[in-house]
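Trainee: As input, take my_file25.pdb (PDB, C-alpha atoms):
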ATOM      1  CA  ALA G   1       7.881  -1.469 -16.680
ATOM      2  CA  ARG G   2       5.369  -1.601 -13.818
ATOM      3  CA  TYR G   3       3.770   1.689 -14.836
ATOM      4  CA  GLU G   4       3.661   0.587 -18.463
ATOM      5  CA  ALA G   5       1.712  -2.476 -17.309
ATOM      6  CA  LEU G   6      -1.070  -0.302 -15.899
ATOM      7  CA  ALA G   7      -4.137   0.048 -18.111
ATOM      8  CA  GLY G   8      -3.390   3.044 -20.302
ATOM      9  CA  HIS G   9      -1.300   6.176 -19.993
ATOM     10  CA  GLY G  10      -4.403   8.210 -19.200
ATOM     11  CA  TYR G  11      -4.484   6.552 -15.791
ATOM     12  CA  GLN G  12      -1.276   8.416 -14.972
ATOM     13  CA  ALA G  13      -2.160  11.748 -16.590
ATOM     14  CA  ALA G  14      -1.255  14.673 -14.355
ATOM     15  CA  LEU G  15      -2.116  18.279 -13.748
ATOM     16  CA  CYS G  16       0.116  20.616 -15.737
ATOM     17  CA  GLY G  17       3.020  22.428 -14.087
ATOM     18  CA  ASP G  18       1.252  25.795 -14.148
ATOM     19  CA  GLY G  19      -1.692  24.200 -12.371
ATOM     20  CA  PHE G  20       0.539  22.854  -9.612
ATOM     21  CA  ASP G  21       2.066  26.313  -9.263
ATOM     22  CA  VAL G  22      -1.396  27.802  -8.731
ATOM     23  CA  LEU G  23      -2.173  25.187  -6.076
ATOM     24  CA  LEU G  24       1.112  25.907  -4.302
ATOM     25  CA  GLU G  25       0.612  29.672  -4.371
ATOM     26  CA  LYS G  26      -3.098  29.804  -3.576
ATOM     27  CA  LEU G  27      -3.749  26.684  -1.474
ATOM     28  CA  ASN G  28      -0.256  25.821  -0.201
ATOM     29  CA  CYS G  29      -0.381  22.362  -1.810
ATOM     30  CA  GLN G  30       3.042  20.783  -1.408
ATOM     31  CA  ALA G  31       2.390  17.071  -1.972
ATOM     32  CA  GLU G  32       0.465  14.699  -4.250
ATOM     33  CA  CYS G  33      -1.760  11.803  -3.235
ATOM     34  CA  PHE G  34      -1.483   9.985  -6.582
ATOM     35  CA  ALA G  35       1.711  10.319  -8.615
ATOM     36  CA  SER G  36       4.835   8.508  -9.753
ATOM     37  CA  PRO G  37       8.490   9.451 -10.168
ATOM     38  CA  LEU G  38       7.662   9.967 -13.858
ATOM     39  CA  ASN G  39       5.053  12.681 -13.352
ATOM     40  CA  CYS G  40       5.378  14.102  -9.826
ATOM     41  CA  ARG G  41       5.687  17.858  -9.382
ATOM     42  CA  TYR G  42       6.384  18.121  -5.669
ATOM     43  CA  SER G  43       9.171  16.422  -3.742
ATOM     44  CA  GLY G  44       6.723  14.422  -1.613
ATOM     45  CA  PHE G  45       4.087  12.171  -3.146
ATOM     46  CA  CYS G  46       2.169   8.933  -2.802
ATOM     47  CA  SER G  47       2.627   6.296  -5.488
ATOM     48  CA  ALA G  48       1.809   2.695  -6.278
ATOM     49  CA  PHE G  49       5.221   1.081  -5.805
ATOM     50  CA  LEU G  50       7.032   2.110  -2.640
ATOM     51  CA  ASP G  51       9.844  -0.406  -3.080
ATOM     52  CA  VAL G  52      11.129   1.246  -6.256
ATOM     53  CA  ASP G  53       9.695   4.768  -5.861
ATOM     54  CA  ALA G  54      10.928   5.587  -2.331
ATOM     55  CA  PRO G  55      14.363   6.856  -3.483
ATOM     56  CA  PHE G  56      12.519   9.474  -5.556
ATOM     57  CA  GLY G  57      10.409  10.779  -2.664
ATOM     58  CA  SER G  58       7.443   8.418  -2.552
ATOM     59  CA  TRP G  59       5.678   7.735   0.740
ATOM     60  CA  GLY G  60       3.947   4.635  -0.661
ATOM     61  CA  SER G  61       0.305   4.254  -1.580
ATOM     62  CA  PHE G  62      -2.288   6.792  -0.483
ATOM     63  CA  PHE G  63      -4.217   3.808   0.868
ATOM     64  CA  ASP G  64      -1.384   2.481   3.030
ATOM     65  CA  LYS G  65      -1.996   2.629   6.769
ATOM     66  CA  ALA G  66       1.277   4.524   7.090
ATOM     67  CA  PHE G  67      -0.200   7.509   5.212
ATOM     68  CA  GLU G  68      -2.162   9.248   7.963
ATOM     69  CA  PRO G  69      -1.501  13.009   7.680
ATOM     70  CA  LYS G  70      -2.905  15.176  10.465
ATOM     71  CA  HIS G  71      -2.249  18.468   8.687
ATOM     72  CA  GLY G  72      -0.959  19.797   5.380
ATOM     73  CA  SER G  73      -2.320  20.522   1.919
ATOM     74  CA  PHE G  74      -2.464  17.824  -0.772
ATOM     75  CA  GLU G  75      -3.400  17.584  -4.444
ATOM     76  CA  ALA G  76      -5.293  14.423  -5.409
ATOM     77  CA  ASN G  77      -5.804  13.470  -9.052
ATOM     78  CA  PRO G  78      -6.503   9.725  -8.809
ATOM     79  CA  PRO G  79      -6.859   7.180 -11.593
ATOM     80  CA  PHE G  80     -10.371   7.572 -12.962
ATOM     81  CA  VAL G  81     -11.625   4.254 -11.585
ATOM     82  CA  PRO G  82     -14.957   4.598  -9.725
ATOM     83  CA  LYS G  83     -14.196   2.150  -6.892
ATOM     84  CA  LEU G  84     -10.773   3.654  -6.304
ATOM     85  CA  MET G  85     -12.159   7.203  -6.286
ATOM     86  CA  LEU G  86     -14.795   6.173  -3.742
ATOM     87  CA  ALA G  87     -12.178   4.589  -1.480
ATOM     88  CA  MET G  88     -10.125   7.774  -1.770
ATOM     89  CA  ALA G  89     -13.068   9.980  -0.810
ATOM     90  CA  GLN G  90     -13.912   7.777   2.167
ATOM     91  CA  LYS G  91     -10.342   7.827   3.462
ATOM     92  CA  MET G  92     -10.155  11.601   3.052
ATOM     93  CA  GLU G  93     -13.328  12.025   5.079
ATOM     94  CA  ARG G  94     -11.866   9.931   7.883
ATOM     95  CA  LEU G  95      -8.562  11.805   7.818
ATOM     96  CA  LEU G  96     -10.336  15.157   7.934
ATOM     97  CA  ASP G  97     -12.472  14.002  10.852
ATOM     98  CA  CYS G  98      -9.290  13.095  12.761
ATOM     99  CA  SER G  99      -7.090  16.021  11.735
ATOM    100  CA  GLU G 100      -5.154  17.924  14.384
ATOM    101  CA  GLY G 101      -4.602  21.074  12.349
ATOM    102  CA  SER G 102      -5.381  22.530   8.953
ATOM    103  CA  LEU G 103      -5.701  19.611   6.520
ATOM    104  CA  THR G 104      -6.724  20.219   2.910
ATOM    105  CA  PHE G 105      -7.298  17.996  -0.107
ATOM    106  CA  VAL G 106      -7.736  19.530  -3.560
ATOM    107  CA  VAL G 107      -9.419  16.719  -5.508
ATOM    108  CA  ILE G 108      -9.405  16.630  -9.305
ATOM    109  CA  VAL G 109     -11.731  14.004 -10.798
ATOM    110  CA  PRO G 110     -13.994  13.580 -13.825
ATOM    111  CA  ALA G 111     -17.421  15.138 -13.401
ATOM    112  CA  TRP G 112     -19.167  11.778 -13.230
ATOM    113  CA  LYS G 113     -22.165  12.743 -11.126
ATOM    114  CA  GLN G 114     -23.667   9.255 -11.338
ATOM    115  CA  VAL G 115     -20.881   7.446  -9.436
ATOM    116  CA  PRO G 116     -20.799   6.978  -5.632
ATOM    117  CA  ALA G 117     -17.512   8.872  -5.331
ATOM    118  CA  TRP G 118     -19.211  12.022  -6.590
ATOM    119  CA  ARG G 119     -21.893  11.789  -3.939
ATOM    120  CA  GLU G 120     -19.301  11.128  -1.246
ATOM    121  CA  LEU G 121     -17.296  14.217  -2.223
ATOM    122  CA  ALA G 122     -20.249  16.503  -2.933
ATOM    123  CA  ASN G 123     -21.938  15.657   0.384
ATOM    124  CA  SER G 124     -18.818  15.874   2.542
ATOM    125  CA  LYS G 125     -19.177  18.045   5.614
ATOM    126  CA  HIS G 126     -15.660  19.261   4.872
ATOM    127  CA  LEU G 127     -16.506  20.603   1.391
ATOM    128  CA  GLN G 128     -15.565  24.274   1.209
ATOM    129  CA  ALA G 129     -17.499  25.220  -1.955
ATOM    130  CA  PRO G 130     -19.558  23.502  -4.636
ATOM    131  CA  ALA G 131     -17.423  21.589  -7.096
ATOM    132  CA  GLU G 132     -15.887  23.724  -9.824
ATOM    133  CA  ILE G 133     -16.664  22.168 -13.208
ATOM    134  CA  ILE G 134     -14.351  22.649 -16.195
ATOM    135  CA  ALA G 135     -15.601  21.649 -19.645
ATOM    136  CA  ALA G 136     -13.561  18.945 -21.374
ATOM    137  CA  SER G 137     -13.094  21.182 -24.409
ATOM    138  CA  SER G 138     -11.406  23.906 -22.385
ATOM    139  CA  HIS G 139      -8.546  22.103 -20.641
ATOM    140  CA  GLY G 140      -6.035  19.268 -20.741
ATOM    141  CA  PHE G 141      -3.529  17.263 -18.729
ATOM    142  CA  CYS G 142       0.082  16.127 -18.986
ATOM    143  CA  ASP G 143       0.025  12.748 -20.690
ATOM    144  CA  GLY G 144       1.045   9.772 -18.585
ATOM    145  CA  ALA G 145       3.647   8.905 -21.207
ATOM    146  CA  GLN G 146       5.006  12.430 -21.494
ATOM    147  CA  HIS G 147       8.537  11.117 -20.950
ATOM    148  CA  GLN G 148       8.170   9.029 -24.116
ATOM    149  CA  ARG G 149       6.529  11.645 -26.319
ATOM    150  CA  ARG G 150       7.800  14.528 -28.381
ATOM    151  CA  PRO G 151       7.580  17.934 -26.615
ATOM    152  CA  GLN G 152       4.609  19.007 -28.726
ATOM    153  CA  GLU G 153       2.736  15.867 -27.630
ATOM    154  CA  ARG G 154       3.280  16.331 -23.905
ATOM    155  CA  PHE G 155      -0.248  17.601 -23.253
ATOM    156  CA  ARG G 156      -3.456  15.735 -23.985
ATOM    157  CA  PRO G 157      -7.001  17.135 -24.181
ATOM    158  CA  SER G 158      -9.256  16.055 -21.349
ATOM    159  CA  SER G 159     -11.528  13.100 -22.072
ATOM    160  CA  PHE G 160     -14.240  14.377 -19.713
ATOM    161  CA  ASP G 161     -15.486  17.460 -17.936
ATOM    162  CA  THR G 162     -13.401  17.838 -14.791
ATOM    163  CA  ALA G 163     -14.565  18.618 -11.258
ATOM    164  CA  ILE G 164     -12.437  20.265  -8.587
ATOM    165  CA  PHE G 165     -13.399  19.705  -4.955
ATOM    166  CA  VAL G 166     -11.736  21.350  -1.976
ATOM    167  CA  LEU G 167     -12.156  19.381   1.255
ATOM    168  CA  ALA G 168     -10.596  20.836   4.369
ATOM    169  CA  SER G 169     -10.583  21.066   8.129
ATOM    170  CA  LYS G 170      -9.858  24.399   9.829
ATOM    171  CA  PHE G 171      -9.952  26.130   6.449
ATOM    172  CA  GLU G 172      -9.043  29.818   6.699
ATOM    173  CA  MET G 173      -9.357  30.938   3.072
ATOM    174  CA  SER G 174     -12.254  33.257   2.246
ATOM    175  CA  ALA G 175     -14.860  32.268  -0.315
ATOM    176  CA  GLN G 176     -13.616  35.042  -2.584
ATOM    177  CA  ALA G 177     -10.010  33.846  -2.361
ATOM    178  CA  LEU G 178     -11.069  30.282  -3.099
ATOM    179  CA  GLN G 179     -12.945  31.397  -6.203
ATOM    180  CA  ALA G 180      -9.830  33.274  -7.320
ATOM    181  CA  ALA G 181      -7.847  30.057  -6.882
ATOM    182  CA  PHE G 182     -10.384  28.182  -9.011
ATOM    183  CA  ALA G 183     -10.136  30.866 -11.703
ATOM    184  CA  GLY G 184      -6.345  30.654 -11.734
ATOM    185  CA  LEU G 185      -6.444  26.888 -11.943
ATOM    186  CA  LYS G 186      -8.858  26.975 -14.885
ATOM    187  CA  ILE G 187      -6.536  29.325 -16.778
ATOM    188  CA  ALA G 188      -3.561  27.073 -16.052
ATOM    189  CA  MET G 189      -5.387  23.935 -17.164
ATOM    190  CA  ALA G 190      -6.474  25.648 -20.373
ATOM    191  CA  SER G 191      -2.795  26.030 -21.264
ATOM    192  CA  ALA G 192      -2.428  22.225 -21.225
ATOM    193  CA  LYS G 193      -4.836  21.455 -24.064
ATOM    194  CA  GLY G 194      -1.979  20.832 -26.465
ATOM    195  CA  ALA G 195      -2.204  20.996 -30.242
ATOM    196  CA  CYS G 196      -5.238  18.729 -30.563
ATOM    197  CA  GLN G 197      -8.758  20.084 -30.216
ATOM    198  CA  SER G 198     -10.212  16.903 -28.715
ATOM    199  CA  ILE G 199      -9.108  13.600 -27.235
ATOM    200  CA  GLN G 200     -10.305  11.892 -30.438
ATOM    201  CA  ASP G 201      -7.652  13.829 -32.374
ATOM    202  CA  TYR G 202      -4.872  13.007 -29.908
TER     203      TYR G 202
END
As a first step, turn the structure in this file into structure tokens.
Mentor:
Amino acid sequence: ARYEALAGHGYQAALCGDGFDVLLEKLNCQAECFASPLNCRYSGFCSAFLDVDAPFGSWGSFFDKAFEPKHGSFEANPPFVPKLMLAMAQKMERLLDCSEGSLTFVVIVPAWKQVPAWRELANSKHLQAPAEIIAASSHGFCDGAQHQRRPQERFRPSSFDTAIFVLASKFEMSAQALQAAFAGLKIAMASAKGACQSIQDY
């Protein structure tokens, strides 16, 4: 009921399973910064409601003081709320500055170049490559209400162009390997468009 009270299922839309598999294989991502028991892919994740989500593997909110990773590789697909995305980017920058090993965040956000969060991510000293942009018409996400929908309605077309940022400390992947990871992720996300050609048809 708490997740239903949030403003729209799109806020909880998630990367498709094939996309998570690419991140695991290519970038060793094994945890999510923004998820719920209803849409998580990995066994460890951050979510909004620790009191009810902890039995399912939640570590609590990404913004909690208790979430202070010093190493590891994380996927971050936050709710598309400008202030929240900015706070996320600022916390990531601080965590990367204080990391004690290889720490990576793969950030998936709308390509809203006019918002402060974009500038924070694009200008990060930990950015490993320019943001990879995927046209809205060429990819989709798992709907936030996938557990309530028919199988053929599980995927929803993207509402916006999507940007993928890779922020990392002590990053050992070559530029060529990172571009291959981007290419694999784009192919995976294309498979999640679903039956509808646009979000207006969904």
Trainee: Name all residues at most 9 Å from His71 in chain G (count all atoms listed in the file; drop same-chain ones fewer than 5 positions away) and give them as a list in words.
Mentor: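 In the requested format, the answer is Leu96, Ser99, Glu100, Gly101, Ser102, Leu103, Thr104 and Ser169 of chain G.
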Trainee: Running the PyMOL selection byres ((chain G and resi 90) around 12) on this model by hand, what would come out? Give it as an MDAnalysis selection string.
Mentor: chainID G and resid 62:63 83:89 91:97 116:124 126 167
Trainee: CA of Pro130 in chain G and CA of Ala76 in chain G, how far apart in Å?
Mentor: 16.9 Å
Trainee: Go ahead and fit an axis-aligned box to every listed atom of range 156-172 of chain G plus 4 Å each side, and pass me the centre and edge lengths in Å, one decimal, as JSON.
Mentor:
{"center_x": -9.5, "center_y": 21.5, "center_z": -7.2, "size_x": 20.0, "size_y": 24.7, "size_z": 42.0}
Trainee: Looking at G:Ile108, G:Cys29, G:Ala135, G:Ala177, which one is nearest to Ser158 in chain G, with distances taken over all atoms listed in the file?
Mentor: G:Ala135
Trainee: Rebuild N, CA and C atoms on range 61-73 of chain G, as a PDB file, keeping the file's coordinate frame?
Mentor:
ATOM      1  N   SER G  61       1.659   4.038  -1.106  1.00  0.00           N
ATOM      2  CA  SER G  61       0.305   4.254  -1.580  1.00  0.00           C
ATOM      3  C   SER G  61      -0.489   5.173  -0.659  1.00  0.00           C
ATOM      4  N   PHE G  62      -1.347   5.975  -1.246  1.00  0.00           N
ATOM      5  CA  PHE G  62      -2.288   6.792  -0.483  1.00  0.00           C
ATOM      6  C   PHE G  62      -3.104   5.930   0.467  1.00  0.00           C
ATOM      7  N   PHE G  63      -3.356   4.679   0.071  1.00  0.00           N
ATOM      8  CA  PHE G  63      -4.217   3.808   0.868  1.00  0.00           C
ATOM      9  C   PHE G  63      -3.467   3.033   1.944  1.00  0.00           C
ATOM     10  N   ASP G  64      -2.147   3.152   1.989  1.00  0.00           N
ATOM     11  CA  ASP G  64      -1.384   2.481   3.030  1.00  0.00           C
ATOM     12  C   ASP G  64      -1.747   3.037   4.409  1.00  0.00           C
ATOM     13  N   LYS G  65      -1.714   2.177   5.409  1.00  0.00           N
ATOM     14  CA  LYS G  65      -1.996   2.629   6.769  1.00  0.00           C
ATOM     15  C   LYS G  65      -0.970   3.636   7.256  1.00  0.00           C
ATOM     16  N   ALA G  66       0.219   3.605   6.680  1.00  0.00           N
ATOM     17  CA  ALA G  66       1.277   4.524   7.090  1.00  0.00           C
ATOM     18  C   ALA G  66       0.991   5.957   6.668  1.00  0.00           C
ATOM     19  N   PHE G  67       0.131   6.149   5.656  1.00  0.00           N
ATOM     20  CA  PHE G  67      -0.200   7.509   5.212  1.00  0.00           C
ATOM     21  C   PHE G  67      -1.401   8.010   5.994  1.00  0.00           C
ATOM     22  N   GLU G  68      -1.128   8.743   7.067  1.00  0.00           N
ATOM     23  CA  GLU G  68      -2.162   9.248   7.963  1.00  0.00           C
ATOM     24  C   GLU G  68      -1.859  10.703   8.325  1.00  0.00           C
ATOM     25  N   PRO G  69      -1.857  11.617   7.373  1.00  0.00           N
ATOM     26  CA  PRO G  69      -1.501  13.009   7.680  1.00  0.00           C
ATOM     27  C   PRO G  69      -2.530  13.660   8.604  1.00  0.00           C
ATOM     28  N   LYS G  70      -2.042  14.441   9.542  1.00  0.00           N
ATOM     29  CA  LYS G  70      -2.905  15.176  10.465  1.00  0.00           C
ATOM     30  C   LYS G  70      -3.050  16.642  10.067  1.00  0.00           C
ATOM     31  N   HIS G  71      -2.186  17.089   9.183  1.00  0.00           N
ATOM     32  CA  HIS G  71      -2.249  18.468   8.687  1.00  0.00           C
ATOM     33  C   HIS G  71      -1.510  18.514   7.356  1.00  0.00           C
ATOM     34  N   GLY G  72      -1.610  19.652   6.671  1.00  0.00           N
ATOM     35  CA  GLY G  72      -0.959  19.797   5.380  1.00  0.00           C
ATOM     36  C   GLY G  72      -1.974  20.020   4.274  1.00  0.00           C
ATOM     37  N   SER G  73      -1.465  20.261   3.068  1.00  0.00           N
ATOM     38  CA  SER G  73      -2.320  20.522   1.919  1.00  0.00           C
ATOM     39  C   SER G  73      -1.862  19.648   0.759  1.00  0.00           C
TER      40      SER G  73
END
